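run13.cif follows (mmCIF, C-alpha atoms):
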```
data_upload
#
loop_
_atom_site.group_PDB
_atom_site.id
_atom_site.type_symbol
_atom_site.label_atom_id
_atom_site.label_comp_id
_atom_site.auth_asym_id
_atom_site.auth_seq_id
_atom_site.Cartn_x
_atom_site.Cartn_y
_atom_site.Cartn_z
ATOM 1 C CA MET T 1 57.445 46.035 102.232
ATOM 2 C CA VAL T 2 56.552 43.273 99.785
ATOM 3 C CA LEU T 3 53.181 42.887 98.072
ATOM 4 C CA GLU T 4 51.970 39.321 97.565
ATOM 5 C CA VAL T 5 49.665 39.165 94.533
ATOM 6 C CA ALA T 6 47.424 36.292 93.473
ATOM 7 C CA MET T 7 44.716 36.271 90.840
ATOM 8 C CA LEU T 8 42.224 33.691 92.126
ATOM 9 C CA MET T 9 39.786 31.866 89.862
ATOM 10 C CA VAL T 10 36.955 30.463 91.990
ATOM 11 C CA LYS T 11 34.887 27.508 90.771
ATOM 12 C CA ASN T 12 31.576 28.523 89.200
ATOM 13 C CA GLU T 13 28.769 29.385 91.595
ATOM 14 C CA LEU T 14 30.993 29.068 94.665
ATOM 15 C CA GLU T 15 31.662 32.794 94.947
ATOM 16 C CA GLN T 16 29.543 33.323 98.060
ATOM 17 C CA ALA T 17 30.920 30.259 99.848
ATOM 18 C CA PHE T 18 34.443 31.355 98.957
ATOM 19 C CA GLU T 19 33.880 34.843 100.356
ATOM 20 C CA THR T 20 32.522 33.392 103.605
ATOM 21 C CA SER T 21 35.555 31.112 103.982
ATOM 22 C CA PHE T 22 37.879 33.934 103.011
ATOM 23 C CA ARG T 23 36.533 36.107 105.846
ATOM 24 C CA GLN T 24 37.359 33.295 108.295
ATOM 25 C CA ALA T 25 40.788 32.821 106.757
ATOM 26 C CA SER T 26 41.421 36.569 107.028
ATOM 27 C CA LEU T 27 41.702 36.244 110.792
ATOM 28 C CA LEU T 28 44.457 33.653 110.342
ATOM 29 C CA ILE T 29 46.664 35.620 107.985
ATOM 30 C CA ALA T 30 46.194 38.817 109.979
ATOM 31 C CA SER T 31 47.670 37.088 113.040
ATOM 32 C CA MET T 32 51.006 36.279 111.357
ATOM 33 C CA PRO T 33 54.321 37.980 112.187
ATOM 34 C CA GLY T 34 55.297 40.406 109.418
ATOM 35 C CA TYR T 35 51.710 40.763 108.172
ATOM 36 C CA GLU T 36 50.742 44.373 107.431
ATOM 37 C CA SER T 37 47.427 44.318 105.543
ATOM 38 C CA HIS T 38 45.405 42.458 102.944
ATOM 39 C CA GLU T 39 42.609 43.078 100.502
ATOM 40 C CA LEU T 40 40.338 40.854 98.433
ATOM 41 C CA HIS T 41 38.693 42.343 95.335
ATOM 42 C CA GLN T 42 36.141 40.783 92.978
ATOM 43 C CA CYS T 43 36.351 41.359 89.232
ATOM 44 C CA LEU T 44 33.402 43.178 87.631
ATOM 45 C CA GLU T 45 34.026 41.678 84.177
ATOM 46 C CA VAL T 46 34.601 38.081 85.395
ATOM 47 C CA PRO T 47 32.804 37.605 88.744
ATOM 48 C CA ARG T 48 34.559 34.343 89.624
ATOM 49 C CA LYS T 49 37.920 36.146 89.424
ATOM 50 C CA TYR T 50 39.329 37.692 92.596
ATOM 51 C CA LEU T 51 42.491 39.648 93.273
ATOM 52 C CA LEU T 52 44.266 38.979 96.573
ATOM 53 C CA LEU T 53 46.791 41.564 97.736
ATOM 54 C CA VAL T 54 48.760 40.996 100.950
ATOM 55 C CA LYS T 55 51.403 43.350 102.328
ATOM 56 C CA TRP T 56 54.252 41.701 104.250
ATOM 57 C CA ASN T 57 57.263 43.307 105.888
ATOM 58 C CA THR T 58 59.627 40.951 104.047
ATOM 59 C CA LEU T 59 59.395 38.263 101.375
ATOM 60 C CA GLU T 60 60.317 35.618 103.954
ATOM 61 C CA ASP T 61 57.445 36.622 106.225
ATOM 62 C CA HIS T 62 55.251 35.145 103.495
ATOM 63 C CA THR T 63 57.344 32.389 101.899
ATOM 64 C CA ILE T 64 58.747 30.960 105.147
ATOM 65 C CA GLY T 65 56.932 32.469 108.140
ATOM 66 C CA PHE T 66 53.433 31.950 106.766
ATOM 67 C CA ARG T 67 53.769 29.083 104.312
ATOM 68 C CA GLN T 68 55.709 26.871 106.717
ATOM 69 C CA SER T 69 53.374 27.544 109.649
ATOM 70 C CA SER T 70 50.641 25.290 110.977
ATOM 71 C CA ILE T 71 48.231 28.193 110.419
ATOM 72 C CA TYR T 72 48.881 27.867 106.675
ATOM 73 C CA GLN T 73 47.521 24.318 106.815
ATOM 74 C CA THR T 74 44.214 25.701 108.088
ATOM 75 C CA TRP T 75 44.305 28.478 105.445
ATOM 76 C CA LYS T 76 44.731 25.798 102.755
ATOM 77 C CA GLN T 77 41.865 23.725 104.110
ATOM 78 C CA LEU T 78 39.589 26.757 104.131
ATOM 79 C CA LEU T 79 40.449 28.070 100.667
ATOM 80 C CA HIS T 80 42.397 25.895 98.264
ATOM 81 C CA HIS T 81 39.476 23.694 97.199
ATOM 82 C CA PHE T 82 37.704 26.750 95.744
ATOM 83 C CA TYR T 83 40.363 27.427 93.092
ATOM 84 C CA ASP T 84 40.355 26.224 89.495
ATOM 85 C CA PRO T 85 43.022 26.458 88.263
ATOM 86 C CA PHE T 86 45.309 26.699 91.252
ATOM 87 C CA PRO T 87 46.650 30.264 91.357
ATOM 88 C CA VAL T 88 50.118 31.562 90.665
ATOM 89 C CA VAL T 89 51.363 33.712 93.539
ATOM 90 C CA GLU T 90 53.941 36.428 92.875
ATOM 91 C CA HIS T 91 55.635 39.167 94.885
ATOM 92 C CA PHE T 92 56.025 42.830 94.002
ATOM 93 C CA ILE T 93 57.828 45.875 95.316
ATOM 94 C CA GLU T 94 56.404 49.369 95.139
ATOM 95 C CA VAL T 95 57.738 51.715 92.447
ATOM 96 C CA VAL T 96 55.169 54.548 92.594
ATOM 97 C CA SER T 97 52.440 55.350 95.105
ATOM 98 C CA CYS T 98 50.317 58.467 94.704
ATOM 99 C CA LYS T 99 47.091 59.835 96.210
ATOM 100 C CA ARG T 100 44.679 62.580 95.239
ATOM 101 C CA GLN T 101 45.684 65.912 96.725
ATOM 102 C CA GLU T 102 43.038 67.076 99.182
ATOM 103 C CA MET F 1 35.180 52.814 94.768
ATOM 104 C CA VAL F 2 36.426 50.778 91.807
ATOM 105 C CA LEU F 3 39.923 49.342 91.466
ATOM 106 C CA GLU F 4 41.394 49.340 87.964
ATOM 107 C CA VAL F 5 43.916 46.494 87.634
ATOM 108 C CA ALA F 6 46.415 45.931 84.828
ATOM 109 C CA MET F 7 49.311 43.497 84.700
ATOM 110 C CA LEU F 8 51.849 45.233 82.478
ATOM 111 C CA MET F 9 54.579 43.365 80.588
ATOM 112 C CA VAL F 10 57.319 45.823 79.646
ATOM 113 C CA LYS F 11 59.662 45.096 76.745
ATOM 114 C CA ASN F 12 63.004 43.650 77.803
ATOM 115 C CA GLU F 13 65.570 46.098 79.139
ATOM 116 C CA LEU F 14 63.154 49.024 79.009
ATOM 117 C CA GLU F 15 62.221 48.826 82.695
ATOM 118 C CA GLN F 16 64.082 51.987 83.724
ATOM 119 C CA ALA F 17 62.771 54.032 80.779
ATOM 120 C CA PHE F 18 59.260 52.789 81.513
ATOM 121 C CA GLU F 19 59.494 53.801 85.171
ATOM 122 C CA THR F 20 60.703 57.284 84.207
ATOM 123 C CA SER F 21 57.811 57.730 81.762
ATOM 124 C CA PHE F 22 55.385 56.299 84.281
ATOM 125 C CA ARG F 23 56.369 58.930 86.843
ATOM 126 C CA GLN F 24 55.555 61.636 84.276
ATOM 127 C CA ALA F 25 52.290 59.938 83.390
ATOM 128 C CA SER F 26 51.398 59.719 87.085
ATOM 129 C CA LEU F 27 50.852 63.461 87.169
ATOM 130 C CA LEU F 28 48.310 63.152 84.355
ATOM 131 C CA ILE F 29 46.149 60.434 85.865
ATOM 132 C CA ALA F 30 46.281 62.064 89.303
ATOM 133 C CA SER F 31 44.694 65.193 87.818
ATOM 134 C CA MET F 32 41.554 63.412 86.582
ATOM 135 C CA PRO F 33 38.075 63.817 88.133
ATOM 136 C CA GLY F 34 37.168 60.722 90.133
ATOM 137 C CA TYR F 35 40.786 59.682 90.610
ATOM 138 C CA GLU F 36 41.576 58.598 94.183
ATOM 139 C CA SER F 37 45.031 56.951 94.151
ATOM 140 C CA HIS F 38 47.339 54.725 92.165
ATOM 141 C CA GLU F 39 50.268 52.406 92.710
ATOM 142 C CA LEU F 40 52.808 50.766 90.428
ATOM 143 C CA HIS F 41 54.579 47.624 91.674
ATOM 144 C CA GLN F 42 57.393 45.644 90.049
ATOM 145 C CA CYS F 43 57.430 41.853 90.171
ATOM 146 C CA LEU F 44 60.357 40.241 92.007
ATOM 147 C CA GLU F 45 60.091 36.956 90.095
ATOM 148 C CA VAL F 46 59.655 38.553 86.615
ATOM 149 C CA PRO F 47 61.214 42.028 86.670
ATOM 150 C CA ARG F 48 59.621 43.177 83.406
ATOM 151 C CA LYS F 49 56.184 42.548 84.916
ATOM 152 C CA TYR F 50 54.450 45.415 86.716
ATOM 153 C CA LEU F 51 51.119 45.655 88.494
ATOM 154 C CA LEU F 52 49.162 48.884 88.075
ATOM 155 C CA LEU F 53 46.392 49.579 90.585
ATOM 156 C CA VAL F 54 44.230 52.699 90.243
ATOM 157 C CA LYS F 55 41.363 53.618 92.538
ATOM 158 C CA TRP F 56 38.485 55.526 90.905
ATOM 159 C CA ASN F 57 35.278 56.769 92.478
ATOM 160 C CA THR F 58 33.208 55.067 89.763
ATOM 161 C CA LEU F 59 33.810 52.753 86.809
ATOM 162 C CA GLU F 60 32.865 55.550 84.419
ATOM 163 C CA ASP F 61 35.497 57.880 85.877
ATOM 164 C CA HIS F 62 37.980 55.479 84.270
ATOM 165 C CA THR F 63 36.202 54.103 81.211
ATOM 166 C CA ILE F 64 34.644 57.382 80.060
ATOM 167 C CA GLY F 65 36.145 60.287 82.020
ATOM 168 C CA PHE F 66 39.760 59.219 81.605
ATOM 169 C CA ARG F 67 39.788 57.109 78.455
ATOM 170 C CA GLN F 68 37.814 59.620 76.404
ATOM 171 C CA SER F 69 39.882 62.599 77.566
ATOM 172 C CA SER F 70 42.659 64.360 75.676
ATOM 173 C CA ILE F 71 44.916 63.622 78.670
ATOM 174 C CA TYR F 72 44.560 59.912 77.881
ATOM 175 C CA GLN F 73 46.130 60.561 74.478
ATOM 176 C CA THR F 74 49.236 61.877 76.229
ATOM 177 C CA TRP F 75 49.162 58.916 78.664
ATOM 178 C CA LYS F 76 49.108 56.552 75.683
ATOM 179 C CA GLN F 77 52.005 58.315 73.986
ATOM 180 C CA LEU F 78 54.064 58.129 77.159
ATOM 181 C CA LEU F 79 53.378 54.502 78.014
ATOM 182 C CA HIS F 80 51.754 52.246 75.440
ATOM 183 C CA HIS F 81 54.895 51.635 73.340
ATOM 184 C CA PHE F 82 56.548 49.942 76.340
ATOM 185 C CA TYR F 83 54.063 47.063 76.513
ATOM 186 C CA ASP F 84 54.400 43.646 74.908
ATOM 187 C CA PRO F 85 51.819 42.211 74.819
ATOM 188 C CA PHE F 86 49.309 45.010 75.222
ATOM 189 C CA PRO F 87 47.737 44.600 78.669
ATOM 190 C CA VAL F 88 44.237 43.533 79.621
ATOM 191 C CA VAL F 89 42.651 46.045 81.993
ATOM 192 C CA GLU F 90 39.958 44.905 84.421
ATOM 193 C CA HIS F 91 37.961 46.448 87.239
ATOM 194 C CA PHE F 92 37.397 45.126 90.739
ATOM 195 C CA ILE F 93 35.319 45.944 93.772
ATOM 196 C CA GLU F 94 36.515 45.441 97.322
ATOM 197 C CA VAL F 95 35.229 42.426 99.241
ATOM 198 C CA VAL F 96 37.594 42.392 102.254
ATOM 199 C CA SER F 97 40.073 44.963 103.534
ATOM 200 C CA CYS F 98 42.014 44.342 106.730
ATOM 201 C CA LYS F 99 45.035 45.887 108.482
ATOM 202 C CA ARG F 100 47.331 44.741 111.273
ATOM 203 C CA GLN F 101 46.006 45.766 114.663
ATOM 204 C CA GLU F 102 48.411 48.257 116.296
#
```
So that I can check it, write out the structure of this file as structure tokens.
Amino acid sequence: MVLEVAMLMVKNELEQAFETSFRQASLLIASMPGYESHELHQCLEVPRKYLLLVKWNTLEDHTIGFRQSSIYQTWKQLLHHFYDPFPVVEHFIEVVSCKRQE
Amino acid sequence: MVLEVAMLMVKNELEQAFETSFRQASLLIASMPGYESHELHQCLEVPRKYLLLVKWNTLEDHTIGFRQSSIYQTWKQLLHHFYDPFPVVEHFIEVVSCKRQE
């Protein structure tokens, strides 16, 4: 499992429009082979900052399967114009995962 | 639910020592009131970069309950000397959460 991580800076006052487009775009990414889950979180300290986390089975499911797909073109059209600056996307592997004991 | 997010830059060649200390420190944070879960992920592109994600019931469970506790002093002693630069910690709230349909 690989975690795609992007810190997204959305242009001022476009937060609501971005969230609406992101919900549409969510259906696209969730349809991709190798997709496991994704989350979008909004920063309390800097409201135009969002954290995108996407779990993929493999790195290539994201970098090749998704990014080279026609669906990615629609994803871009829905979302990329909201970002300033354009985000850096990185990939992570899990080292520790722990939950509260019930 | 509030997500604490910190991008951690660990000093060169201390990755293994950091991970060992982090596993010890995990027991501390997991014992705190309001703690729900946490994850540590290592960056594939920049191996000394780690992403820490901690879920708390409320913001104050982190900023007051944890940071003002004596347990936080032990957390600091275990971990803070690994970081360069010292990390920015921010808090996020969930906007979208989606999983692959089985």
Assuming the chain letters and numbering stay as they are in my file, what does the PyMOL selection byres ((chain T) within 10 of (chain F)) actually select? List them as a short mmCIF file (atom, residue, chain, number, x, y, z; two decimals) with C-alpha atoms, in the frame of the given file.
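In the end it all went to out_39.cif:
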```cif
data_model
loop_
_atom_site.label_atom_id
_atom_site.label_comp_id
_atom_site.auth_asym_id
_atom_site.auth_seq_id
_atom_site.Cartn_x
_atom_site.Cartn_y
_atom_site.Cartn_z
CA VAL T 2 56.55 43.27 99.78
CA LEU T 3 53.18 42.89 98.07
CA GLU T 4 51.97 39.32 97.56
CA VAL T 5 49.66 39.16 94.53
CA GLU T 19 33.88 34.84 100.36
CA PHE T 22 37.88 33.93 103.01
CA ARG T 23 36.53 36.11 105.85
CA SER T 26 41.42 36.57 107.03
CA LEU T 27 41.70 36.24 110.79
CA ILE T 29 46.66 35.62 107.98
CA ALA T 30 46.19 38.82 109.98
CA SER T 31 47.67 37.09 113.04
CA MET T 32 51.01 36.28 111.36
CA PRO T 33 54.32 37.98 112.19
CA GLY T 34 55.30 40.41 109.42
CA TYR T 35 51.71 40.76 108.17
CA GLU T 36 50.74 44.37 107.43
CA SER T 37 47.43 44.32 105.54
CA HIS T 38 45.40 42.46 102.94
CA GLU T 39 42.61 43.08 100.50
CA LEU T 40 40.34 40.85 98.43
CA HIS T 41 38.69 42.34 95.34
CA GLN T 42 36.14 40.78 92.98
CA CYS T 43 36.35 41.36 89.23
CA LEU T 44 33.40 43.18 87.63
CA GLU T 45 34.03 41.68 84.18
CA VAL T 46 34.60 38.08 85.40
CA PRO T 47 32.80 37.60 88.74
CA LYS T 49 37.92 36.15 89.42
CA TYR T 50 39.33 37.69 92.60
CA LEU T 51 42.49 39.65 93.27
CA LEU T 52 44.27 38.98 96.57
CA LEU T 53 46.79 41.56 97.74
CA VAL T 54 48.76 41.00 100.95
CA LYS T 55 51.40 43.35 102.33
CA LEU T 59 59.40 38.26 101.38
CA VAL T 89 51.36 33.71 93.54
CA GLU T 90 53.94 36.43 92.88
CA HIS T 91 55.64 39.17 94.88
CA PHE T 92 56.02 42.83 94.00
CA ILE T 93 57.83 45.88 95.32
CA GLU T 94 56.40 49.37 95.14
CA VAL T 95 57.74 51.72 92.45
CA VAL T 96 55.17 54.55 92.59
CA SER T 97 52.44 55.35 95.10
CA CYS T 98 50.32 58.47 94.70
CA LYS T 99 47.09 59.84 96.21
CA ARG T 100 44.68 62.58 95.24
CA GLN T 101 45.68 65.91 96.72
CA GLU T 102 43.04 67.08 99.18
#
```
Present chain F as a PDB file with C-alpha atoms, in the coordinates of the input, least-squares fitted onto chain T over all of its C-alpha atoms paired in order.
```pdb
ATOM      1  CA  MET F   1      57.442  46.052 102.241  1.00  0.00           C
ATOM      2  CA  VAL F   2      56.550  43.278  99.796  1.00  0.00           C
ATOM      3  CA  LEU F   3      53.187  42.883  98.080  1.00  0.00           C
ATOM      4  CA  GLU F   4      51.979  39.318  97.573  1.00  0.00           C
ATOM      5  CA  VAL F   5      49.677  39.165  94.532  1.00  0.00           C
ATOM      6  CA  ALA F   6      47.431  36.289  93.473  1.00  0.00           C
ATOM      7  CA  MET F   7      44.716  36.262  90.836  1.00  0.00           C
ATOM      8  CA  LEU F   8      42.239  33.691  92.119  1.00  0.00           C
ATOM      9  CA  MET F   9      39.781  31.862  89.854  1.00  0.00           C
ATOM     10  CA  VAL F  10      36.963  30.461  91.983  1.00  0.00           C
ATOM     11  CA  LYS F  11      34.890  27.520  90.763  1.00  0.00           C
ATOM     12  CA  ASN F  12      31.581  28.523  89.206  1.00  0.00           C
ATOM     13  CA  GLU F  13      28.771  29.391  91.596  1.00  0.00           C
ATOM     14  CA  LEU F  14      30.995  29.073  94.657  1.00  0.00           C
ATOM     15  CA  GLU F  15      31.668  32.809  94.947  1.00  0.00           C
ATOM     16  CA  GLN F  16      29.536  33.334  98.060  1.00  0.00           C
ATOM     17  CA  ALA F  17      30.922  30.259  99.848  1.00  0.00           C
ATOM     18  CA  PHE F  18      34.444  31.361  98.956  1.00  0.00           C
ATOM     19  CA  GLU F  19      33.879  34.851 100.357  1.00  0.00           C
ATOM     20  CA  THR F  20      32.520  33.405 103.610  1.00  0.00           C
ATOM     21  CA  SER F  21      35.547  31.117 103.986  1.00  0.00           C
ATOM     22  CA  PHE F  22      37.871  33.940 103.030  1.00  0.00           C
ATOM     23  CA  ARG F  23      36.534  36.103 105.856  1.00  0.00           C
ATOM     24  CA  GLN F  24      37.356  33.293 108.306  1.00  0.00           C
ATOM     25  CA  ALA F  25      40.780  32.827 106.761  1.00  0.00           C
ATOM     26  CA  SER F  26      41.413  36.572 107.028  1.00  0.00           C
ATOM     27  CA  LEU F  27      41.707  36.248 110.785  1.00  0.00           C
ATOM     28  CA  LEU F  28      44.462  33.661 110.345  1.00  0.00           C
ATOM     29  CA  ILE F  29      46.679  35.618 107.981  1.00  0.00           C
ATOM     30  CA  ALA F  30      46.192  38.824 109.976  1.00  0.00           C
ATOM     31  CA  SER F  31      47.676  37.085 113.024  1.00  0.00           C
ATOM     32  CA  MET F  32      51.007  36.274 111.348  1.00  0.00           C
ATOM     33  CA  PRO F  33      54.330  37.989 112.179  1.00  0.00           C
ATOM     34  CA  GLY F  34      55.288  40.395 109.405  1.00  0.00           C
ATOM     35  CA  TYR F  35      51.720  40.756 108.165  1.00  0.00           C
ATOM     36  CA  GLU F  36      50.744  44.374 107.439  1.00  0.00           C
ATOM     37  CA  SER F  37      47.415  44.313 105.552  1.00  0.00           C
ATOM     38  CA  HIS F  38      45.407  42.459 102.952  1.00  0.00           C
ATOM     39  CA  GLU F  39      42.602  43.084 100.503  1.00  0.00           C
ATOM     40  CA  LEU F  40      40.347  40.852  98.434  1.00  0.00           C
ATOM     41  CA  HIS F  41      38.698  42.343  95.333  1.00  0.00           C
ATOM     42  CA  GLN F  42      36.144  40.785  92.981  1.00  0.00           C
ATOM     43  CA  CYS F  43      36.344  41.352  89.236  1.00  0.00           C
ATOM     44  CA  LEU F  44      33.402  43.172  87.634  1.00  0.00           C
ATOM     45  CA  GLU F  45      34.019  41.683  84.181  1.00  0.00           C
ATOM     46  CA  VAL F  46      34.603  38.075  85.400  1.00  0.00           C
ATOM     47  CA  PRO F  47      32.822  37.617  88.736  1.00  0.00           C
ATOM     48  CA  ARG F  48      34.570  34.350  89.620  1.00  0.00           C
ATOM     49  CA  LYS F  49      37.922  36.143  89.419  1.00  0.00           C
ATOM     50  CA  TYR F  50      39.330  37.700  92.590  1.00  0.00           C
ATOM     51  CA  LEU F  51      42.501  39.649  93.273  1.00  0.00           C
ATOM     52  CA  LEU F  52      44.269  38.979  96.568  1.00  0.00           C
ATOM     53  CA  LEU F  53      46.798  41.563  97.743  1.00  0.00           C
ATOM     54  CA  VAL F  54      48.772  40.996 100.953  1.00  0.00           C
ATOM     55  CA  LYS F  55      51.399  43.347 102.333  1.00  0.00           C
ATOM     56  CA  TRP F  56      54.258  41.689 104.249  1.00  0.00           C
ATOM     57  CA  ASN F  57      57.255  43.309 105.893  1.00  0.00           C
ATOM     58  CA  THR F  58      59.623  40.954 104.049  1.00  0.00           C
ATOM     59  CA  LEU F  59      59.389  38.261 101.377  1.00  0.00           C
ATOM     60  CA  GLU F  60      60.322  35.624 103.946  1.00  0.00           C
ATOM     61  CA  ASP F  61      57.445  36.622 106.228  1.00  0.00           C
ATOM     62  CA  HIS F  62      55.247  35.153 103.486  1.00  0.00           C
ATOM     63  CA  THR F  63      57.328  32.400 101.905  1.00  0.00           C
ATOM     64  CA  ILE F  64      58.750  30.973 105.137  1.00  0.00           C
ATOM     65  CA  GLY F  65      56.925  32.474 108.128  1.00  0.00           C
ATOM     66  CA  PHE F  66      53.427  31.955 106.759  1.00  0.00           C
ATOM     67  CA  ARG F  67      53.765  29.081 104.309  1.00  0.00           C
ATOM     68  CA  GLN F  68      55.716  26.880 106.708  1.00  0.00           C
ATOM     69  CA  SER F  69      53.380  27.545 109.641  1.00  0.00           C
ATOM     70  CA  SER F  70      50.639  25.284 110.969  1.00  0.00           C
ATOM     71  CA  ILE F  71      48.223  28.192 110.413  1.00  0.00           C
ATOM     72  CA  TYR F  72      48.876  27.872 106.673  1.00  0.00           C
ATOM     73  CA  GLN F  73      47.519  24.322 106.816  1.00  0.00           C
ATOM     74  CA  THR F  74      44.215  25.700 108.092  1.00  0.00           C
ATOM     75  CA  TRP F  75      44.303  28.468 105.440  1.00  0.00           C
ATOM     76  CA  LYS F  76      44.727  25.797 102.763  1.00  0.00           C
ATOM     77  CA  GLN F  77      41.853  23.719 104.106  1.00  0.00           C
ATOM     78  CA  LEU F  78      39.585  26.752 104.132  1.00  0.00           C
ATOM     79  CA  LEU F  79      40.441  28.072 100.685  1.00  0.00           C
ATOM     80  CA  HIS F  80      42.391  25.894  98.276  1.00  0.00           C
ATOM     81  CA  HIS F  81      39.458  23.682  97.203  1.00  0.00           C
ATOM     82  CA  PHE F  82      37.704  26.748  95.745  1.00  0.00           C
ATOM     83  CA  TYR F  83      40.351  27.421  93.094  1.00  0.00           C
ATOM     84  CA  ASP F  84      40.355  26.213  89.501  1.00  0.00           C
ATOM     85  CA  PRO F  85      43.023  26.461  88.257  1.00  0.00           C
ATOM     86  CA  PHE F  86      45.310  26.692  91.259  1.00  0.00           C
ATOM     87  CA  PRO F  87      46.650  30.258  91.359  1.00  0.00           C
ATOM     88  CA  VAL F  88      50.133  31.554  90.665  1.00  0.00           C
ATOM     89  CA  VAL F  89      51.376  33.710  93.539  1.00  0.00           C
ATOM     90  CA  GLU F  90      53.953  36.425  92.881  1.00  0.00           C
ATOM     91  CA  HIS F  91      55.636  39.164  94.876  1.00  0.00           C
ATOM     92  CA  PHE F  92      56.028  42.825  94.004  1.00  0.00           C
ATOM     93  CA  ILE F  93      57.822  45.868  95.310  1.00  0.00           C
ATOM     94  CA  GLU F  94      56.406  49.368  95.128  1.00  0.00           C
ATOM     95  CA  VAL F  95      57.742  51.709  92.452  1.00  0.00           C
ATOM     96  CA  VAL F  96      55.171  54.546  92.588  1.00  0.00           C
ATOM     97  CA  SER F  97      52.444  55.349  95.100  1.00  0.00           C
ATOM     98  CA  CYS F  98      50.320  58.464  94.706  1.00  0.00           C
ATOM     99  CA  LYS F  99      47.085  59.821  96.215  1.00  0.00           C
ATOM    100  CA  ARG F 100      44.671  62.574  95.229  1.00  0.00           C
ATOM    101  CA  GLN F 101      45.677  65.897  96.726  1.00  0.00           C
ATOM    102  CA  GLU F 102      43.003  67.065  99.204  1.00  0.00           C
TER     103      GLU F 102
END
```
(request) Write out as a list in words the residues lying within 6 Å of F:Tyr83, counting only C-alpha atoms and excluding same-chain residues fewer than 2 positions away. (result) Met9, Val10, Lys11, His80, His81, Pro85 and Phe86 of chain F
Once you have the residues from the selection above, write them out as a compact mmCIF listing (two decimals), keeping the file's coordinate frame, restricted to C-alpha atoms.
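Below is the file that was written, part_29.txt:
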```txt
# COMPACT_ATOMS: atom_id res chain seq x y z
CA MET F 9 54.58 43.36 80.59
CA VAL F 10 57.32 45.82 79.65
CA LYS F 11 59.66 45.10 76.74
CA HIS F 80 51.75 52.25 75.44
CA HIS F 81 54.90 51.64 73.34
CA PRO F 85 51.82 42.21 74.82
CA PHE F 86 49.31 45.01 75.22
```
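Restricting the calculation to only C-alpha atoms, the smallest distance between F:Leu8 and any of F:Phe82, F:Trp75, F:Phe66, F:Trp56 is found for F:Phe82.
Put simply, atom CA of T:Asn57 is 20.8 Å away from atom CA of T:Met7.
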Build an axis-aligned box that encloses every atom of stretch 53-60 of chain T listed in the file, pad it by 4 Å on each side, and report its centre and edge lengths in Å to one decimal, as AutoDock Vina command-line options.
```
--center_x 53.6 --center_y 39.5 --center_z 101.8 --size_x 21.5 --size_y 15.7 --size_z 16.2
```
(message) So the first atom is atom CA of T:Leu78 and the second is atom CA of T:His62; what is the distance between them in Å, to one decimal place?
(response) 17.8 Å
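When atom CA of F:Thr20 is paired with atom CA of F:Ile64, their separation reads 26.4 Å.
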